[in-house]
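*Asks:* This is data-v4.cif (mmCIF, C-alpha atoms, pLDDT in the B column; chains and numbers go by the auth columns).
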data_coords
loop_
_atom_site.group_PDB
_atom_site.id
_atom_site.type_symbol
_atom_site.label_atom_id
_atom_site.label_comp_id
_atom_site.label_asym_id
_atom_site.label_seq_id
_atom_site.Cartn_x
_atom_site.Cartn_y
_atom_site.Cartn_z
_atom_site.B_iso_or_equiv
_atom_site.auth_seq_id
_atom_site.auth_asym_id
ATOM 1 C CA MET A 1 -19.051 -48.180 -88.294 64.00 257 F
ATOM 2 C CA GLU A 2 -19.228 -48.104 -84.514 84.00 258 F
ATOM 3 C CA LYS A 3 -21.584 -50.505 -82.774 88.00 259 F
ATOM 4 C CA ARG A 4 -23.848 -47.776 -81.409 88.00 260 F
ATOM 5 C CA LEU A 5 -24.630 -46.463 -84.889 88.00 261 F
ATOM 6 C CA GLN A 6 -25.177 -49.963 -86.208 91.00 262 F
ATOM 7 C CA ASN A 7 -27.637 -50.614 -83.375 88.00 263 F
ATOM 8 C CA GLU A 8 -29.597 -47.510 -84.363 91.00 264 F
ATOM 9 C CA ILE A 9 -29.741 -48.597 -88.007 90.00 265 F
ATOM 10 C CA GLU A 10 -31.060 -51.998 -86.963 91.00 266 F
ATOM 11 C CA HIS A 11 -33.551 -50.375 -84.600 85.00 267 F
ATOM 12 C CA GLY A 12 -34.756 -48.146 -87.445 86.00 268 F
ATOM 13 C CA ARG A 13 -35.282 -51.234 -89.600 89.00 269 F
ATOM 14 C CA PHE A 14 -37.359 -52.786 -86.817 82.00 270 F
ATOM 15 C CA LEU A 15 -39.486 -49.650 -86.429 83.00 271 F
ATOM 16 C CA ALA A 16 -40.048 -49.347 -90.175 82.00 272 F
ATOM 17 C CA GLN A 17 -41.442 -52.886 -90.233 84.00 273 F
ATOM 18 C CA HIS A 18 -43.890 -52.118 -87.429 76.00 274 F
ATOM 19 C CA ASP A 19 -45.888 -48.992 -86.612 70.00 275 F
ATOM 20 C CA PRO A 20 -43.536 -46.187 -85.465 66.00 276 F
ATOM 21 C CA GLY A 21 -46.453 -44.084 -84.207 62.00 277 F
ATOM 22 C CA GLN A 22 -47.636 -46.868 -81.956 60.00 278 F
ATOM 23 C CA THR A 23 -44.125 -47.701 -80.763 59.00 279 F
ATOM 24 C CA TRP A 24 -43.472 -44.052 -79.933 61.00 280 F
ATOM 25 C CA ASN A 25 -46.934 -43.663 -78.350 68.00 281 F
ATOM 26 C CA TRP A 26 -48.109 -40.837 -80.631 71.00 282 F
ATOM 27 C CA ASP A 27 -51.336 -42.536 -81.751 76.00 283 F
ATOM 28 C CA GLY A 28 -53.601 -42.303 -78.683 83.00 284 F
ATOM 29 C CA ALA A 29 -55.446 -39.216 -77.440 86.00 285 F
ATOM 30 C CA ALA A 30 -52.825 -38.422 -74.792 87.00 286 F
ATOM 31 C CA GLY A 31 -49.994 -39.187 -77.200 86.00 287 F
ATOM 32 C CA ARG A 32 -51.405 -36.743 -79.733 88.00 288 F
ATOM 33 C CA ARG A 33 -51.687 -34.007 -77.103 91.00 289 F
ATOM 34 C CA ARG A 34 -48.076 -34.580 -76.077 91.00 290 F
ATOM 35 C CA TRP A 35 -47.076 -34.554 -79.723 88.00 291 F
ATOM 36 C CA PHE A 36 -48.791 -31.267 -80.599 90.00 292 F
ATOM 37 C CA ARG A 37 -47.345 -29.585 -77.548 93.00 293 F
ATOM 38 C CA ARG A 38 -43.847 -30.532 -78.670 93.00 294 F
ATOM 39 C CA VAL A 39 -44.574 -29.270 -82.148 92.00 295 F
ATOM 40 C CA GLU A 40 -45.594 -25.896 -80.723 94.00 296 F
ATOM 41 C CA MET A 41 -42.462 -25.703 -78.562 93.00 297 F
ATOM 42 C CA LEU A 42 -40.045 -26.605 -81.333 91.00 298 F
ATOM 43 C CA MET A 43 -41.623 -24.447 -84.056 92.00 299 F
ATOM 44 C CA ALA A 44 -42.223 -21.278 -82.048 91.00 300 F
ATOM 45 C CA ASP A 45 -39.136 -19.446 -83.401 94.00 301 F
ATOM 46 C CA LEU A 46 -38.940 -20.807 -86.942 96.00 302 F
ATOM 47 C CA ARG A 47 -39.329 -18.414 -89.891 95.00 303 F
ATOM 48 C CA PRO A 48 -39.643 -18.881 -93.661 94.00 304 F
ATOM 49 C CA ASP A 49 -36.182 -17.402 -94.316 94.00 305 F
ATOM 50 C CA MET A 50 -34.365 -19.973 -92.166 97.00 306 F
ATOM 51 C CA GLU A 51 -32.230 -22.982 -93.007 97.00 307 F
ATOM 52 C CA VAL A 52 -33.384 -25.620 -90.495 98.00 308 F
ATOM 53 C CA LEU A 53 -31.855 -28.996 -89.722 98.00 309 F
ATOM 54 C CA GLU A 54 -34.075 -31.673 -88.221 98.00 310 F
ATOM 55 C CA LEU A 55 -31.836 -34.159 -86.462 98.00 311 F
ATOM 56 C CA GLY A 56 -33.147 -37.727 -86.310 96.00 312 F
ATOM 57 C CA CYS A 57 -36.306 -37.207 -88.343 95.00 313 F
ATOM 58 C CA GLY A 58 -37.269 -40.894 -88.223 93.00 314 F
ATOM 59 C CA SER A 59 -40.367 -41.614 -90.290 91.00 315 F
ATOM 60 C CA GLY A 60 -41.214 -37.923 -90.669 92.00 316 F
ATOM 61 C CA PHE A 61 -43.827 -37.355 -87.948 88.00 317 F
ATOM 62 C CA PHE A 62 -42.396 -34.003 -86.945 90.00 318 F
ATOM 63 C CA THR A 63 -41.122 -33.173 -90.427 94.00 319 F
ATOM 64 C CA ARG A 64 -44.724 -32.987 -91.641 91.00 320 F
ATOM 65 C CA GLU A 65 -45.256 -30.129 -89.192 91.00 321 F
ATOM 66 C CA LEU A 66 -41.871 -28.458 -89.749 92.00 322 F
ATOM 67 C CA VAL A 67 -42.577 -27.862 -93.430 92.00 323 F
ATOM 68 C CA LYS A 68 -45.580 -25.738 -92.445 92.00 324 F
ATOM 69 C CA SER A 69 -43.127 -23.116 -91.176 92.00 325 F
ATOM 70 C CA ARG A 70 -42.097 -22.627 -94.842 93.00 326 F
ATOM 71 C CA ALA A 71 -38.452 -22.694 -93.744 94.00 327 F
ATOM 72 C CA SER A 72 -35.956 -24.606 -95.884 95.00 328 F
ATOM 73 C CA VAL A 73 -35.788 -27.920 -94.024 96.00 329 F
ATOM 74 C CA THR A 74 -33.104 -30.586 -94.200 97.00 330 F
ATOM 75 C CA ALA A 75 -34.183 -33.739 -92.353 97.00 331 F
ATOM 76 C CA ILE A 76 -31.571 -36.371 -91.537 98.00 332 F
ATOM 77 C CA ASP A 77 -31.488 -39.803 -89.953 97.00 333 F
ATOM 78 C CA ILE A 78 -29.039 -42.692 -89.695 96.00 334 F
ATOM 79 C CA SER A 79 -31.782 -45.142 -90.718 95.00 335 F
ATOM 80 C CA PRO A 80 -32.455 -45.459 -94.474 95.00 336 F
ATOM 81 C CA ASP A 81 -35.538 -47.551 -93.692 94.00 337 F
ATOM 82 C CA LEU A 82 -37.180 -44.805 -91.645 94.00 338 F
ATOM 83 C CA LEU A 83 -36.153 -42.174 -94.205 94.00 339 F
ATOM 84 C CA ASP A 84 -37.954 -44.147 -96.908 94.00 340 F
ATOM 85 C CA LEU A 85 -41.149 -43.859 -94.859 92.00 341 F
ATOM 86 C CA ALA A 86 -40.546 -40.136 -94.343 93.00 342 F
ATOM 87 C CA LYS A 87 -40.012 -39.515 -98.058 92.00 343 F
ATOM 88 C CA ARG A 88 -43.227 -41.331 -98.933 90.00 344 F
ATOM 89 C CA SER A 89 -45.167 -39.215 -96.452 86.00 345 F
ATOM 90 C CA LEU A 90 -43.842 -35.943 -97.932 86.00 346 F
ATOM 91 C CA PRO A 91 -43.299 -36.475 -101.673 78.00 347 F
ATOM 92 C CA ASN A 92 -43.497 -32.799 -102.661 70.00 348 F
ATOM 93 C CA SER A 93 -42.452 -30.226 -100.088 74.00 349 F
ATOM 94 C CA ASN A 94 -39.716 -27.857 -98.946 81.00 350 F
ATOM 95 C CA VAL A 95 -37.687 -30.610 -97.297 93.00 351 F
ATOM 96 C CA THR A 96 -34.537 -32.490 -98.267 95.00 352 F
ATOM 97 C CA PHE A 97 -34.114 -35.945 -96.711 96.00 353 F
ATOM 98 C CA MET A 98 -30.594 -37.293 -96.224 97.00 354 F
ATOM 99 C CA VAL A 99 -28.976 -40.315 -94.603 97.00 355 F
ATOM 100 C CA GLU A 100 -26.404 -38.774 -92.270 97.00 356 F
ATOM 101 C CA ASN A 101 -24.233 -39.728 -89.320 96.00 357 F
ATOM 102 C CA ALA A 102 -24.906 -37.089 -86.639 96.00 358 F
ATOM 103 C CA TYR A 103 -21.258 -37.313 -85.545 96.00 359 F
ATOM 104 C CA GLU A 104 -19.831 -36.553 -88.999 96.00 360 F
ATOM 105 C CA MET A 105 -22.361 -34.553 -91.014 98.00 361 F
ATOM 106 C CA SER A 106 -21.563 -33.569 -94.590 97.00 362 F
ATOM 107 C CA PHE A 107 -22.658 -29.931 -94.163 98.00 363 F
ATOM 108 C CA ASP A 108 -20.356 -26.922 -94.100 97.00 364 F
ATOM 109 C CA ASN A 109 -19.476 -25.102 -90.904 98.00 365 F
ATOM 110 C CA ASN A 110 -22.016 -22.468 -89.795 98.00 366 F
ATOM 111 C CA HIS A 111 -24.658 -23.703 -92.228 98.00 367 F
ATOM 112 C CA PHE A 112 -27.984 -23.810 -90.324 98.00 368 F
ATOM 113 C CA ASP A 113 -30.002 -21.144 -88.532 98.00 369 F
ATOM 114 C CA ALA A 114 -31.616 -23.756 -86.274 98.00 370 F
ATOM 115 C CA VAL A 115 -31.160 -27.412 -85.350 98.00 371 F
ATOM 116 C CA VAL A 116 -34.203 -29.132 -83.852 98.00 372 F
ATOM 117 C CA GLY A 117 -35.391 -32.585 -82.892 97.00 373 F
ATOM 118 C CA ILE A 118 -37.771 -34.643 -80.795 95.00 374 F
ATOM 119 C CA SER A 119 -36.282 -37.411 -78.642 94.00 375 F
ATOM 120 C CA VAL A 120 -33.062 -37.789 -80.626 96.00 376 F
ATOM 121 C CA LEU A 121 -30.118 -36.557 -78.524 97.00 377 F
ATOM 122 C CA HIS A 122 -30.569 -39.383 -76.041 97.00 378 F
ATOM 123 C CA HIS A 123 -29.773 -41.854 -78.838 95.00 379 F
ATOM 124 C CA LEU A 124 -26.350 -40.259 -79.411 96.00 380 F
ATOM 125 C CA ASP A 125 -22.960 -40.180 -77.829 95.00 381 F
ATOM 126 C CA ILE A 126 -23.846 -36.745 -76.500 97.00 382 F
ATOM 127 C CA ASP A 127 -20.352 -35.265 -76.647 97.00 383 F
ATOM 128 C CA LYS A 128 -19.867 -36.225 -80.294 97.00 384 F
ATOM 129 C CA GLY A 129 -23.386 -35.064 -81.134 97.00 385 F
ATOM 130 C CA LEU A 130 -23.190 -31.642 -79.480 98.00 386 F
ATOM 131 C CA SER A 131 -19.765 -30.945 -80.969 98.00 387 F
ATOM 132 C CA GLU A 132 -21.039 -31.593 -84.487 98.00 388 F
ATOM 133 C CA ILE A 133 -24.296 -29.696 -83.956 98.00 389 F
ATOM 134 C CA PHE A 134 -22.297 -26.693 -82.768 98.00 390 F
ATOM 135 C CA ARG A 135 -20.107 -26.896 -85.871 98.00 391 F
ATOM 136 C CA VAL A 136 -22.957 -26.799 -88.403 98.00 392 F
ATOM 137 C CA LEU A 137 -24.966 -24.135 -86.521 98.00 393 F
ATOM 138 C CA LYS A 138 -24.531 -20.521 -87.604 98.00 394 F
ATOM 139 C CA PRO A 139 -23.371 -17.923 -85.077 98.00 395 F
ATOM 140 C CA GLY A 140 -26.585 -16.482 -83.658 97.00 396 F
ATOM 141 C CA GLY A 141 -28.441 -19.701 -84.423 98.00 397 F
ATOM 142 C CA PHE A 142 -30.279 -21.838 -81.916 98.00 398 F
ATOM 143 C CA ILE A 143 -31.084 -25.425 -81.016 98.00 399 F
ATOM 144 C CA ILE A 144 -34.358 -26.764 -79.620 98.00 400 F
ATOM 145 C CA PHE A 145 -34.875 -30.345 -78.472 98.00 401 F
ATOM 146 C CA THR A 146 -37.251 -32.280 -76.251 97.00 402 F
ATOM 147 C CA GLU A 147 -35.763 -35.318 -74.539 97.00 403 F
ATOM 148 C CA PRO A 148 -36.665 -37.902 -71.859 97.00 404 F
ATOM 149 C CA ASN A 149 -36.026 -36.928 -68.215 98.00 405 F
ATOM 150 C CA MET A 150 -33.940 -39.386 -66.199 98.00 406 F
ATOM 151 C CA MET A 151 -35.532 -38.065 -62.988 98.00 407 F
ATOM 152 C CA ASN A 152 -38.860 -39.587 -64.019 97.00 408 F
ATOM 153 C CA PRO A 153 -39.253 -43.017 -62.326 96.00 409 F
ATOM 154 C CA GLN A 154 -40.594 -44.819 -65.406 94.00 410 F
ATOM 155 C CA ILE A 155 -37.928 -43.301 -67.649 95.00 411 F
ATOM 156 C CA ALA A 156 -35.196 -44.285 -65.199 96.00 412 F
ATOM 157 C CA LEU A 157 -36.360 -47.916 -65.235 94.00 413 F
ATOM 158 C CA GLN A 158 -36.896 -47.962 -68.985 93.00 414 F
ATOM 159 C CA LYS A 159 -33.462 -46.580 -69.852 95.00 415 F
ATOM 160 C CA ASN A 160 -31.425 -48.581 -67.336 94.00 416 F
ATOM 161 C CA ILE A 161 -32.960 -52.060 -67.172 93.00 417 F
ATOM 162 C CA PRO A 162 -32.499 -54.094 -70.387 89.00 418 F
ATOM 163 C CA VAL A 163 -35.731 -56.090 -70.071 89.00 419 F
ATOM 164 C CA PHE A 164 -37.780 -52.864 -69.870 85.00 420 F
ATOM 165 C CA LYS A 165 -35.797 -51.349 -72.735 86.00 421 F
ATOM 166 C CA LYS A 166 -36.739 -54.222 -75.014 81.00 422 F
ATOM 167 C CA LEU A 167 -40.334 -54.416 -73.804 83.00 423 F
ATOM 168 C CA LEU A 168 -40.953 -50.698 -74.403 81.00 424 F
ATOM 169 C CA GLY A 169 -39.277 -50.549 -77.811 82.00 425 F
ATOM 170 C CA ASP A 170 -36.020 -48.770 -76.974 89.00 426 F
ATOM 171 C CA SER A 171 -32.788 -49.192 -78.892 89.00 427 F
ATOM 172 C CA PRO A 172 -29.972 -50.820 -76.870 89.00 428 F
ATOM 173 C CA ASP A 173 -27.886 -47.675 -76.278 92.00 429 F
ATOM 174 C CA GLU A 174 -30.436 -44.924 -75.768 94.00 430 F
ATOM 175 C CA THR A 175 -30.553 -43.185 -72.413 96.00 431 F
ATOM 176 C CA ALA A 176 -32.116 -40.062 -70.856 97.00 432 F
ATOM 177 C CA PHE A 177 -30.827 -36.824 -69.339 98.00 433 F
ATOM 178 C CA PHE A 178 -30.626 -35.129 -65.988 98.00 434 F
ATOM 179 C CA ARG A 179 -31.338 -31.485 -66.732 97.00 435 F
ATOM 180 C CA TRP A 180 -28.309 -30.154 -64.865 97.00 436 F
ATOM 181 C CA GLY A 181 -26.085 -32.642 -66.698 97.00 437 F
ATOM 182 C CA ILE A 182 -27.226 -31.679 -70.192 98.00 438 F
ATOM 183 C CA ARG A 183 -27.074 -27.984 -69.284 98.00 439 F
ATOM 184 C CA SER A 184 -23.446 -28.424 -68.224 97.00 440 F
ATOM 185 C CA ARG A 185 -22.668 -30.257 -71.464 97.00 441 F
ATOM 186 C CA LEU A 186 -24.186 -27.436 -73.537 98.00 442 F
ATOM 187 C CA TYR A 187 -21.918 -24.874 -71.874 97.00 443 F
ATOM 188 C CA GLN A 188 -18.922 -27.163 -72.289 97.00 444 F
ATOM 189 C CA PHE A 189 -19.415 -27.222 -76.069 97.00 445 F
ATOM 190 C CA GLY A 190 -19.914 -23.472 -76.403 96.00 446 F
ATOM 191 C CA PHE A 191 -23.690 -22.998 -76.270 98.00 447 F
ATOM 192 C CA ARG A 192 -25.050 -20.046 -74.328 97.00 448 F
ATOM 193 C CA ASN A 193 -28.420 -18.587 -73.217 97.00 449 F
ATOM 194 C CA THR A 194 -29.519 -22.093 -72.309 97.00 450 F
ATOM 195 C CA GLN A 195 -33.004 -23.008 -71.157 97.00 451 F
ATOM 196 C CA VAL A 196 -33.357 -26.509 -69.759 98.00 452 F
ATOM 197 C CA PHE A 197 -36.484 -27.407 -67.818 97.00 453 F
ATOM 198 C CA PRO A 198 -38.661 -30.461 -67.088 98.00 454 F
ATOM 199 C CA PHE A 199 -42.192 -30.690 -68.464 97.00 455 F
ATOM 200 C CA ASP A 200 -44.954 -33.144 -69.356 96.00 456 F
ATOM 201 C CA PHE A 201 -46.723 -35.341 -66.807 96.00 457 F
ATOM 202 C CA LEU A 202 -49.345 -36.514 -69.303 93.00 458 F
ATOM 203 C CA HIS A 203 -48.782 -40.242 -69.783 90.00 459 F
ATOM 204 C CA PRO A 204 -49.297 -41.447 -73.388 88.00 460 F
ATOM 205 C CA SER A 205 -51.320 -44.500 -72.309 85.00 461 F
ATOM 206 C CA LEU A 206 -53.961 -42.397 -70.530 88.00 462 F
ATOM 207 C CA PRO A 207 -57.496 -43.277 -71.753 90.00 463 F
ATOM 208 C CA ALA A 208 -59.023 -40.599 -73.976 89.00 464 F
ATOM 209 C CA ARG A 209 -61.921 -39.802 -71.635 92.00 465 F
ATOM 210 C CA PHE A 210 -59.512 -38.709 -68.890 90.00 466 F
ATOM 211 C CA VAL A 211 -57.244 -36.533 -71.037 91.00 467 F
ATOM 212 C CA PRO A 212 -59.089 -33.155 -70.797 90.00 468 F
ATOM 213 C CA LEU A 213 -59.286 -33.218 -66.997 87.00 469 F
ATOM 214 C CA LEU A 214 -55.859 -34.659 -66.269 91.00 470 F
ATOM 215 C CA GLU A 215 -54.092 -32.480 -68.822 92.00 471 F
ATOM 216 C CA ARG A 216 -54.982 -29.420 -66.742 92.00 472 F
ATOM 217 C CA LEU A 217 -53.742 -31.132 -63.581 93.00 473 F
ATOM 218 C CA CYS A 218 -50.516 -32.142 -65.287 94.00 474 F
ATOM 219 C CA MET A 219 -49.865 -28.561 -66.381 93.00 475 F
ATOM 220 C CA ARG A 220 -50.246 -27.407 -62.772 95.00 476 F
ATOM 221 C CA LEU A 221 -47.775 -30.024 -61.560 96.00 477 F
ATOM 222 C CA GLU A 222 -45.160 -28.522 -63.855 96.00 478 F
ATOM 223 C CA ASN A 223 -45.283 -25.319 -61.793 95.00 479 F
ATOM 224 C CA ILE A 224 -44.735 -26.969 -58.405 97.00 480 F
ATOM 225 C CA PRO A 225 -41.079 -26.930 -57.255 95.00 481 F
ATOM 226 C CA VAL A 226 -39.514 -30.343 -56.581 96.00 482 F
ATOM 227 C CA ILE A 227 -42.519 -32.207 -58.054 97.00 483 F
ATOM 228 C CA ARG A 228 -41.865 -30.801 -61.520 97.00 484 F
ATOM 229 C CA GLU A 229 -38.395 -32.363 -61.466 98.00 485 F
ATOM 230 C CA ILE A 230 -39.910 -35.816 -62.100 98.00 486 F
ATOM 231 C CA ALA A 231 -41.856 -34.806 -65.213 97.00 487 F
ATOM 232 C CA GLY A 232 -41.422 -37.128 -68.166 96.00 488 F
ATOM 233 C CA SER A 233 -39.492 -34.860 -70.507 97.00 489 F
ATOM 234 C CA ILE A 234 -36.925 -32.071 -70.699 98.00 490 F
ATOM 235 C CA PHE A 235 -37.090 -29.014 -72.956 98.00 491 F
ATOM 236 C CA ILE A 236 -33.713 -27.791 -74.244 98.00 492 F
ATOM 237 C CA ARG A 237 -32.992 -24.489 -75.974 98.00 493 F
ATOM 238 C CA ALA A 238 -29.625 -22.817 -76.448 98.00 494 F
ATOM 239 C CA ASN A 239 -27.808 -20.384 -78.765 98.00 495 F
ATOM 240 C CA LYS A 240 -24.478 -20.215 -80.536 97.00 496 F
ATOM 241 C CA GLU A 241 -23.213 -16.725 -79.834 92.00 497 F
ATOM 242 C CA SER A 242 -22.761 -14.425 -82.804 86.00 498 F
#
Translate this file's structure into structure tokens.

*Replies:*
Amino acid sequence: MEKRLQNEIEHGRFLAQHDPGQTWNWDGAAGRRRWFRRVEMLMADLRPDMEVLELGCGSGFFTRELVKSRASVTAIDISPDLLDLAKRSLPNSNVTFMVENAYEMSFDNNHFDAVVGISVLHHLDIDKGLSEIFRVLKPGGFIIFTEPNMMNPQIALQKNIPVFKKLLGDSPDETAFFRWGIRSRLYQFGFRNTQVFPFDFLHPSLPARFVPLLERLCMRLENIPVIREIAGSIFIRANKES
């Protein structure tokens, strides 16, 4: 197994022994707002008749929302430790959990109507990941991901300076994306009708009493040219042509 995958398995073991929600900053008031916004973005086009793949499900935070779509959900991760947590959180539901390598998935070609994930692509060798995602996606299907934005100053420091990586709970190989770079990669691997845009200025460590006021301000910043480029995250949507 290549070193990058082994690092992710070890990182998953570390997260499973701690509190993934706290490490990923989903527990505070601002973190929850950021979380629910991502849920809305990723679930907007899901329907009960779909076969949906969740890539990098981790401990099942997003999976618990995905199942509410009533789609048939397959949730995969490279970490068996995190998958154990996910299975315990959803013992009886319309989801199948599987340990899978995102570069060599066991699914047939053209199998899924949608492939979705929160903050997972930046853990992968992106060329290997996109090639395999394209393979398992049905013609006419779509992908939706939210990922960290390398144009954001904190993200740039966190993803490029090892001491910050370790301090903030990153795995050794994870990175972030420039929106024009990931858009180019999507076209290179055959995706079309791409939407790639920066969003989210709401910092997860913001005290709860400030969230209502600053959330409105942050939403306005997303509509200001140039300034919006340094938002914390990138939204990615693209189709496989039918």

*Asks:* Report, in Å with one decimal, the straight-line distance from CA of Glu403 in chain F to CA of Leu462 in chain F.

*Replies:* 19.9 Å

*Asks:* So what does the PyMOL selection byres ((chain F and resi 427) around 10) actually pick up in this one, as a list in words?

*Replies:*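 After applying the PyMOL selection byres ((chain F and resi 427) around 10), what remains is Arg260, Asn263, Glu264, Ile265, Glu266, His267, Gly268, Phe270, His379, Lys415, Pro418, Lys421, Lys422, Leu424, Gly425, Asp426, Pro428, Asp429, Glu430 and Thr431 of chain F.
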
*Asks:* Rank nothing, just name the residue among F:Leu380, F:Ala272, F:Asn449, F:Arg294 nearest to Asp340 in chain F, using all atoms listed in the file.

*Replies:*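 Selected residue with least distance to Asp340 in chain F: F:Ala272.
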
*Asks:* Just say which residues the PyMOL selection byres ((chain F and resi 366) around 8) picks in this file, as a ChimeraX atom specification.

*Replies:* /F:364-365,367-368,391-395

*Asks:* Generate the output file for the selected residues, C-alpha atoms, as an mmCIF file, in the coordinates of the input.

*Replies:*
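Result file result.cif:
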data_model
loop_
_atom_site.group_PDB
_atom_site.id
_atom_site.type_symbol
_atom_site.label_atom_id
_atom_site.label_comp_id
_atom_site.auth_asym_id
_atom_site.auth_seq_id
_atom_site.Cartn_x
_atom_site.Cartn_y
_atom_site.Cartn_z
ATOM 1 C CA ASP F 364 -20.356 -26.922 -94.100
ATOM 2 C CA ASN F 365 -19.476 -25.102 -90.904
ATOM 3 C CA HIS F 367 -24.658 -23.703 -92.228
ATOM 4 C CA PHE F 368 -27.984 -23.810 -90.324
ATOM 5 C CA ARG F 391 -20.107 -26.896 -85.871
ATOM 6 C CA VAL F 392 -22.957 -26.799 -88.403
ATOM 7 C CA LEU F 393 -24.966 -24.135 -86.521
ATOM 8 C CA LYS F 394 -24.531 -20.521 -87.604
ATOM 9 C CA PRO F 395 -23.371 -17.923 -85.077
#

*Asks:* By how many Å are CA of Thr402 in chain F and CA of Glu485 in chain F apart?

*Replies:* 14.8 Å

*Asks:* Identify all residues satisfying the PyMOL selection byres ((chain F and resi 306-319) around 6) in the given file; provide them as a PyMOL selection string.

*Replies:* chain F and resi 303-305+320-322+327-333+338-339+341-342+368-373+376

*Asks:* Quick one, how far is CA of Glu356 in chain F from CA of Ser335 in chain F?

*Replies:* 8.5 Å

*Asks:* From the set F:Ile382, F:Ile389, F:Ile480, F:Ile399, which residue has the shortest atom-to-atom contact distance to Ile438 in chain F, counting only C-alpha atoms?

*Replies:*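 Smallest separation from Ile438 in chain F among the options: F:Ile382.
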
*Asks:* Using only C-alpha atoms, which residue out of F:Ala412, F:Ile400, F:Cys474, F:Val482 lies closest to His459 in chain F?

*Replies:*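 The shortest atom-to-atom distance to His459 in chain F comes from F:Cys474.
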
*Asks:* I need the residue nearest Leu346 in chain F from this list: F:Glu478, F:Leu473, F:Lys324, F:Phe292. Use all atoms listed in the file for the distance.

*Replies:* F:Lys324

*Asks:* How big is the axis-aligned box around the listed atoms of range 301-318 of chain F once 4 Å is added on each side, and where is its centre? Give both in Å to one decimal, as lines of an AutoDock Vina configuration file.

*Replies:*
center_x = -37.8
center_y = -29.5
center_z = -88.9
size_x = 20.0
size_y = 32.2
size_z = 18.9

*Asks:* Just want the 8 Å neighbourhood of Phe401 in chain F, counted on all atoms listed in the file, with same-chain residues fewer than 3 positions away dropped. Output as a list in words.

*Replies:*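 Skipping anything fewer than 3 positions along the chain leaves Leu298, Val372, Gly373, Ile374, Ser375, Val376, Leu377, Phe491, Ile492 and Arg493 of chain F.
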
*Asks:* Considering only C-alpha atoms, can you say which of F:Met475, F:Val419, F:Ile490, F:Val295 comes closest to Phe433 in chain F?

*Replies:*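 Closest to Phe433 in chain F of all the choices is F:Ile490.
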
*Asks:* Missing atoms in range 449-461 of chain F: can you complete it with N, CA and C atoms, as a PDB file, keeping the file's coordinate frame?

*Replies:*
ATOM      1  N   ASN F 449     -26.998 -18.936 -73.362  1.00 97.00           N
ATOM      2  CA  ASN F 449     -28.420 -18.587 -73.217  1.00 97.00           C
ATOM      3  C   ASN F 449     -29.275 -19.846 -73.141  1.00 97.00           C
ATOM      4  N   THR F 450     -28.843 -20.802 -72.356  1.00 97.00           N
ATOM      5  CA  THR F 450     -29.519 -22.093 -72.309  1.00 97.00           C
ATOM      6  C   THR F 450     -30.785 -22.043 -71.464  1.00 97.00           C
ATOM      7  N   GLN F 451     -31.785 -22.733 -71.930  1.00 97.00           N
ATOM      8  CA  GLN F 451     -33.004 -23.008 -71.157  1.00 97.00           C
ATOM      9  C   GLN F 451     -33.166 -24.525 -71.109  1.00 97.00           C
ATOM     10  N   VAL F 452     -33.170 -25.080 -69.932  1.00 98.00           N
ATOM     11  CA  VAL F 452     -33.357 -26.509 -69.759  1.00 98.00           C
ATOM     12  C   VAL F 452     -34.321 -26.712 -68.601  1.00 98.00           C
ATOM     13  N   PHE F 453     -35.515 -27.237 -68.896  1.00 97.00           N
ATOM     14  CA  PHE F 453     -36.484 -27.407 -67.818  1.00 97.00           C
ATOM     15  C   PHE F 453     -37.350 -28.644 -68.056  1.00 97.00           C
ATOM     16  N   PRO F 454     -37.793 -29.283 -66.963  1.00 98.00           N
ATOM     17  CA  PRO F 454     -38.661 -30.461 -67.088  1.00 98.00           C
ATOM     18  C   PRO F 454     -40.095 -30.063 -67.415  1.00 98.00           C
ATOM     19  N   PHE F 455     -40.783 -30.922 -68.144  1.00 97.00           N
ATOM     20  CA  PHE F 455     -42.192 -30.690 -68.464  1.00 97.00           C
ATOM     21  C   PHE F 455     -42.840 -32.027 -68.800  1.00 97.00           C
ATOM     22  N   ASP F 456     -44.150 -32.036 -68.828  1.00 96.00           N
ATOM     23  CA  ASP F 456     -44.954 -33.144 -69.356  1.00 96.00           C
ATOM     24  C   ASP F 456     -45.161 -34.300 -68.363  1.00 96.00           C
ATOM     25  N   PHE F 457     -46.293 -34.240 -67.670  1.00 96.00           N
ATOM     26  CA  PHE F 457     -46.723 -35.341 -66.807  1.00 96.00           C
ATOM     27  C   PHE F 457     -47.805 -36.202 -67.471  1.00 96.00           C
ATOM     28  N   LEU F 458     -48.255 -35.800 -68.645  1.00 93.00           N
ATOM     29  CA  LEU F 458     -49.345 -36.514 -69.303  1.00 93.00           C
ATOM     30  C   LEU F 458     -48.823 -37.830 -69.868  1.00 93.00           C
ATOM     31  N   HIS F 459     -49.291 -38.946 -69.339  1.00 90.00           N
ATOM     32  CA  HIS F 459     -48.782 -40.242 -69.783  1.00 90.00           C
ATOM     33  C   HIS F 459     -49.462 -40.643 -71.090  1.00 90.00           C
ATOM     34  N   PRO F 460     -48.707 -41.144 -72.067  1.00 88.00           N
ATOM     35  CA  PRO F 460     -49.297 -41.447 -73.388  1.00 88.00           C
ATOM     36  C   PRO F 460     -50.341 -42.550 -73.371  1.00 88.00           C
ATOM     37  N   SER F 461     -50.340 -43.404 -72.350  1.00 85.00           N
ATOM     38  CA  SER F 461     -51.320 -44.500 -72.309  1.00 85.00           C
ATOM     39  C   SER F 461     -52.623 -44.111 -71.611  1.00 85.00           C
TER      40      SER F 461
END
